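As stored in query04.cif (mmCIF, C-alpha atoms):
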data_entry
#
loop_
_atom_site.label_atom_id
_atom_site.label_comp_id
_atom_site.auth_asym_id
_atom_site.auth_seq_id
_atom_site.Cartn_x
_atom_site.Cartn_y
_atom_site.Cartn_z
CA MET A 1 124.11 105.56 61.44
CA LEU A 2 124.19 104.30 65.05
CA LYS A 3 127.92 103.53 65.12
CA PRO A 4 129.12 107.18 65.18
CA LEU A 5 126.55 107.97 67.91
CA TYR A 6 127.70 104.94 69.91
CA ASP A 7 131.37 105.92 69.53
CA ARG A 8 130.61 109.47 70.65
CA THR A 9 128.64 108.23 73.66
CA MET A 10 131.52 105.96 74.68
CA ALA A 11 133.96 108.86 74.36
CA LEU A 12 131.69 111.11 76.45
CA ALA A 13 131.29 108.33 79.03
CA ASP A 14 135.01 108.62 79.81
CA HIS A 15 134.90 112.44 80.00
CA PRO A 16 136.07 113.98 83.32
CA LYS A 17 132.59 115.51 83.88
CA ALA A 18 130.66 112.34 83.00
CA LEU A 19 129.85 111.61 86.66
CA TRP A 20 128.31 115.07 87.02
CA CYS A 21 126.20 114.48 83.91
CA LEU A 22 125.10 111.12 85.26
CA ALA A 23 124.17 112.71 88.60
CA ALA A 24 122.12 115.38 86.84
CA VAL A 25 120.28 112.85 84.66
CA ALA A 26 119.62 110.48 87.60
CA PHE A 27 118.35 113.39 89.69
CA VAL A 28 115.89 114.80 87.15
CA GLU A 29 114.82 111.34 85.94
CA SER A 30 113.43 110.63 89.40
CA SER A 31 111.04 113.56 89.28
CA VAL A 32 110.34 114.86 85.76
CA PHE A 33 112.73 113.61 83.03
CA PRO A 34 111.67 110.62 80.89
CA ILE A 35 115.11 109.16 80.04
CA PRO A 36 116.59 106.69 82.57
CA PRO A 37 120.16 107.14 83.87
CA ASP A 38 121.09 103.76 82.41
CA VAL A 39 121.62 105.56 79.09
CA LEU A 40 124.74 107.13 80.62
CA MET A 41 125.54 104.60 83.31
CA ILE A 42 126.01 101.61 81.00
CA PRO A 43 128.46 103.28 78.59
CA MET A 44 130.33 104.83 81.52
CA ILE A 45 130.91 101.42 83.09
CA LEU A 46 131.77 99.82 79.76
CA ALA A 47 134.28 102.60 79.06
CA ARG A 48 135.92 102.28 82.52
CA PRO A 49 134.89 99.11 84.37
CA SER A 50 137.15 99.99 87.31
CA ARG A 51 134.70 102.81 88.18
CA ALA A 52 131.57 100.62 88.12
CA TRP A 53 130.85 100.95 91.85
CA LEU A 54 131.45 104.70 91.88
CA VAL A 55 129.13 105.14 88.88
CA ALA A 56 126.42 103.07 90.62
CA LEU A 57 126.84 105.06 93.85
CA VAL A 58 126.54 108.41 92.04
CA ALA A 59 123.41 107.18 90.23
CA LEU A 60 121.95 105.92 93.53
CA VAL A 61 122.54 109.09 95.53
CA ALA A 62 121.35 111.42 92.77
CA SER A 63 118.33 109.26 92.00
CA VAL A 64 117.17 109.11 95.62
CA ALA A 65 117.73 112.87 95.99
CA GLY A 66 115.68 113.40 92.83
CA GLY A 67 113.07 111.05 94.26
CA VAL A 68 112.78 113.31 97.30
CA LEU A 69 112.21 116.21 94.89
CA GLY A 70 109.47 114.15 93.19
CA TYR A 71 107.98 113.43 96.61
CA ALA A 72 108.00 117.17 97.38
CA ILE A 73 106.34 117.91 94.03
CA GLY A 74 103.60 115.45 94.94
CA SER A 75 103.25 116.86 98.45
CA PHE A 76 103.39 120.58 97.80
CA PHE A 77 102.97 121.19 94.07
CA TYR A 78 100.78 118.35 92.88
CA GLU A 79 98.21 120.52 91.13
CA SER A 80 100.68 122.84 89.40
CA ILE A 81 103.55 120.43 88.56
CA GLY A 82 102.81 116.84 89.59
CA GLN A 83 99.41 116.47 87.96
CA PRO A 84 100.58 117.72 84.53
CA VAL A 85 103.57 115.33 84.63
CA LEU A 86 101.32 112.39 85.54
CA GLU A 87 98.67 113.41 82.98
CA ALA A 88 101.37 113.52 80.30
CA MET A 89 102.09 109.91 81.22
CA GLY A 90 98.38 109.01 81.00
CA LYS A 91 97.72 108.73 84.74
CA GLY A 92 95.67 111.87 85.42
CA GLY A 93 92.19 110.29 85.46
CA ALA A 94 92.71 107.45 87.91
CA MET A 95 94.37 109.49 90.65
CA ALA A 96 91.58 109.54 93.27
CA GLU A 97 91.01 105.78 93.16
CA PHE A 98 94.71 105.12 93.10
CA ASN A 99 95.30 107.40 96.11
CA THR A 100 93.23 105.13 98.33
CA ARG A 101 95.03 101.94 97.34
CA PHE A 102 98.53 103.34 96.95
CA ASN A 103 99.57 103.66 100.57
CA ASP A 104 98.37 100.12 101.33
CA PHE A 105 101.02 98.86 98.90
CA GLY A 106 103.36 101.88 98.95
CA PHE A 107 106.49 99.96 99.95
CA TRP A 108 105.98 97.49 97.09
CA ALA A 109 105.08 100.23 94.61
CA VAL A 110 108.26 102.17 95.34
CA LEU A 111 110.36 99.00 95.34
CA GLY A 112 108.87 97.78 92.05
CA ALA A 113 109.22 101.13 90.29
CA GLY A 114 112.74 101.61 91.62
CA ILE A 115 113.95 98.31 90.17
CA THR A 116 111.95 97.89 86.95
CA PRO A 117 111.68 100.02 83.80
CA PHE A 118 108.42 101.45 85.22
CA PRO A 119 108.97 105.24 85.37
CA TYR A 120 110.17 105.92 88.91
CA LYS A 121 109.03 109.55 88.73
CA VAL A 122 105.38 108.43 88.73
CA ILE A 123 105.87 106.69 92.07
CA THR A 124 107.90 109.53 93.60
CA ILE A 125 105.17 112.07 92.82
CA MET A 126 102.42 109.65 93.90
CA SER A 127 104.22 108.94 97.18
CA GLY A 128 104.20 112.63 98.07
CA TRP A 129 100.66 113.20 96.89
CA THR A 130 99.22 110.28 98.85
CA GLY A 131 101.16 111.19 101.99
CA MET A 132 103.30 108.06 102.21
CA PRO A 133 105.58 108.40 105.24
CA LEU A 134 108.77 110.10 104.03
CA GLY A 135 111.01 107.68 105.95
CA THR A 136 109.39 104.68 104.28
CA PHE A 137 109.70 106.33 100.90
CA ILE A 138 113.40 107.17 101.33
CA ALA A 139 114.35 103.76 102.78
CA THR A 140 112.51 101.90 100.03
CA SER A 141 113.97 104.17 97.35
CA ILE A 142 117.50 103.52 98.61
CA LEU A 143 116.89 99.77 98.60
CA ALA A 144 115.26 99.71 95.15
CA ARG A 145 117.68 102.03 93.40
CA ALA A 146 120.71 100.35 95.03
CA LEU A 147 119.49 96.97 93.78
CA ARG A 148 118.94 98.30 90.29
CA PHE A 149 122.14 100.30 89.88
CA PHE A 150 124.53 97.97 91.72
CA ILE A 151 123.24 94.85 89.95
CA VAL A 152 123.76 96.55 86.59
CA ALA A 153 127.19 97.77 87.70
CA GLY A 154 128.16 94.32 89.00
CA LEU A 155 127.09 92.58 85.82
CA LEU A 156 128.91 95.09 83.64
CA TRP A 157 131.99 94.98 85.87
CA GLN A 158 132.06 91.18 85.70
CA PHE A 159 131.05 90.72 82.06
CA GLY A 160 131.89 94.14 80.62
CA ALA A 161 134.24 93.11 77.80
CA PRO A 162 131.88 90.49 76.31
CA VAL A 163 128.91 92.85 76.77
CA ARG A 164 130.76 95.67 75.03
CA ASP A 165 131.78 93.32 72.24
CA PHE A 166 128.16 92.09 71.90
CA ILE A 167 126.85 95.69 71.79
CA GLU A 168 129.42 96.75 69.22
CA ARG A 169 128.71 93.75 66.97
CA ARG A 170 124.92 93.98 67.30
CA LEU A 171 124.39 97.70 67.83
CA GLY A 172 121.15 97.86 65.85
CA LEU A 173 119.61 95.00 67.83
CA VAL A 174 120.71 96.45 71.18
CA PHE A 175 119.35 99.89 70.27
CA THR A 176 116.03 98.39 69.17
CA ALA A 177 115.75 96.35 72.38
CA PHE A 178 116.50 99.45 74.47
CA VAL A 179 113.83 101.49 72.67
CA VAL A 180 111.28 98.66 73.08
CA ILE A 181 112.03 98.41 76.82
CA LEU A 182 111.83 102.20 77.22
CA PHE A 183 108.48 102.46 75.43
CA GLY A 184 107.27 99.33 77.21
CA GLY A 185 107.83 101.14 80.52
CA PHE A 186 105.74 104.06 79.31
CA LEU A 187 103.00 101.72 78.09
CA MET A 188 102.97 100.03 81.51
CA VAL A 189 102.27 103.44 83.03
CA ARG A 190 99.32 104.01 80.74
CA PHE A 191 97.67 100.66 81.39
CA ILE A 192 98.39 100.15 85.09
#
When written as structure tokens, how does the structure in this file appear?
Amino acid sequence: MLKPLYDRTMALADHPKALWCLAAVAFVESSVFPIPPDVLMIPMILARPSRAWLVALVALVASVAGGVLGYAIGSFFYESIGQPVLEAMGKGGAMAEFNTRFNDFGFWAVLGAGITPFPYKVITIMSGWTGMPLGTFIATSILARALRFFIVAGLLWQFGAPVRDFIERRLGLVFTAFVVILFGGFLMVRFI
């Protein structure tokens, strides 16, 4: 069942408009969308390893731009947009207490969320809502997202053929691991 979906994803990853799709997903993932850009980025790099750095750069720029949108949602539209998004992720009740502590550790929060599977959109909205300095937010977002996307790109560029072979031979295991990591990130949001 997964093999035809995998083959289709790999074919789409080499499509001429794949970079635009990646940019759109990376942009909206940083503010409202629950699916990380890695879903597109990894197959794109596996399909064409020579474009690994370009793919990472597109994901970085779009993700940081989307992060600025998330920051704006938190700053200007928290009650109408930001709060419902955060409540959907189980973070609505602890907002006042979190607001006080967030800016004390804001750099580390943005860095941690930008690198890990923790949903980055939560931190982008929180950064705007708590009034984190925009310059700090942008600089930290660039650092965090660059680390995340360029490390993934570098690993896939270096070890792409064996990784692709591993994925194709153990597709069910890889899919299960991805789903567990994705849901683990959402569970982290609920309990942190």
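Of note, atom CA of Phe150 of chain A and atom CA of Trp53 of chain A are spaced 7.0 Å apart.
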Query raised in the report: Pick from A:Gly128, A:Gly154, A:Pro34, A:Gly70: nearest to Ala88 of chain A, with all atoms listed in the file counted?
Result: A:Pro34
If the PyMOL selection byres ((chain A and resi 25-29) around 8) were run on this exact file, what residues would it hold? Put them as a compact mmCIF listing (two decimals) with C-alpha atoms, in the coordinates of the input.
# COMPACT_ATOMS: atom_id res chain seq x y z
CA CYS A 21 126.20 114.48 83.91
CA LEU A 22 125.10 111.12 85.26
CA ALA A 23 124.17 112.71 88.60
CA ALA A 24 122.12 115.38 86.84
CA SER A 30 113.43 110.63 89.40
CA SER A 31 111.04 113.56 89.28
CA VAL A 32 110.34 114.86 85.76
CA PHE A 33 112.73 113.61 83.03
CA PRO A 34 111.67 110.62 80.89
CA ILE A 35 115.11 109.16 80.04
CA PRO A 36 116.59 106.69 82.57
CA PRO A 37 120.16 107.14 83.87
CA ALA A 59 123.41 107.18 90.23
CA LEU A 60 121.95 105.92 93.53
CA ALA A 62 121.35 111.42 92.77
CA SER A 63 118.33 109.26 92.00
CA VAL A 64 117.17 109.11 95.62
CA ALA A 65 117.73 112.87 95.99
CA GLY A 66 115.68 113.40 92.83
CA GLY A 67 113.07 111.05 94.26
CA TYR A 120 110.17 105.92 88.91
CA LYS A 121 109.03 109.55 88.73
Report task. List, as number ranges by chain, every residue that the PyMOL selection byres ((chain A and resi 18) around 12) selects in the file provided. Result -> A: 9-17, 19-25, 37, 39-45, 47-48, 51, 54-55, 58-59
Residue subset to file, keeping C-alpha atoms, as a compact mmCIF listing (two decimals), keeping the file's coordinate frame:
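Writing done, so here's again-v5.txt:
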# COMPACT_ATOMS: atom_id res chain seq x y z
CA THR A 9 128.64 108.23 73.66
CA MET A 10 131.52 105.96 74.68
CA ALA A 11 133.96 108.86 74.36
CA LEU A 12 131.69 111.11 76.45
CA ALA A 13 131.29 108.33 79.03
CA ASP A 14 135.01 108.62 79.81
CA HIS A 15 134.90 112.44 80.00
CA PRO A 16 136.07 113.98 83.32
CA LYS A 17 132.59 115.51 83.88
CA LEU A 19 129.85 111.61 86.66
CA TRP A 20 128.31 115.07 87.02
CA CYS A 21 126.20 114.48 83.91
CA LEU A 22 125.10 111.12 85.26
CA ALA A 23 124.17 112.71 88.60
CA ALA A 24 122.12 115.38 86.84
CA VAL A 25 120.28 112.85 84.66
CA PRO A 37 120.16 107.14 83.87
CA VAL A 39 121.62 105.56 79.09
CA LEU A 40 124.74 107.13 80.62
CA MET A 41 125.54 104.60 83.31
CA ILE A 42 126.01 101.61 81.00
CA PRO A 43 128.46 103.28 78.59
CA MET A 44 130.33 104.83 81.52
CA ILE A 45 130.91 101.42 83.09
CA ALA A 47 134.28 102.60 79.06
CA ARG A 48 135.92 102.28 82.52
CA ARG A 51 134.70 102.81 88.18
CA LEU A 54 131.45 104.70 91.88
CA VAL A 55 129.13 105.14 88.88
CA VAL A 58 126.54 108.41 92.04
CA ALA A 59 123.41 107.18 90.23
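From atom CA of Ile73 of chain A back to atom CA of Ala109 of chain A, the distance works out to 17.7 Å.
Picture a line from atom CA of Pro84 of chain A to atom CA of Val61 of chain A; it runs 26.0 Å.
With distances taken from (132.6, 95.0, 84.4) and restricted to only C-alpha atoms, the residues inside 7 Å are Ile45, Leu46, Pro49, Ala52, Ala153, Gly154, Leu155, Leu156, Trp157, Gln158, Phe159 and Gly160 of chain A.
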Requested in this report: Run the PyMOL selection byres ((chain A and resi 146) around 9) against the file shown and list the residues it catches, as a list in words.
Outcome: Ala56, Leu57, Ala59, Leu60, Val61, Gly114, Ile115, Ser141, Ile142, Leu143, Ala144, Arg145, Leu147, Arg148, Phe149, Phe150 and Ile151 of chain A
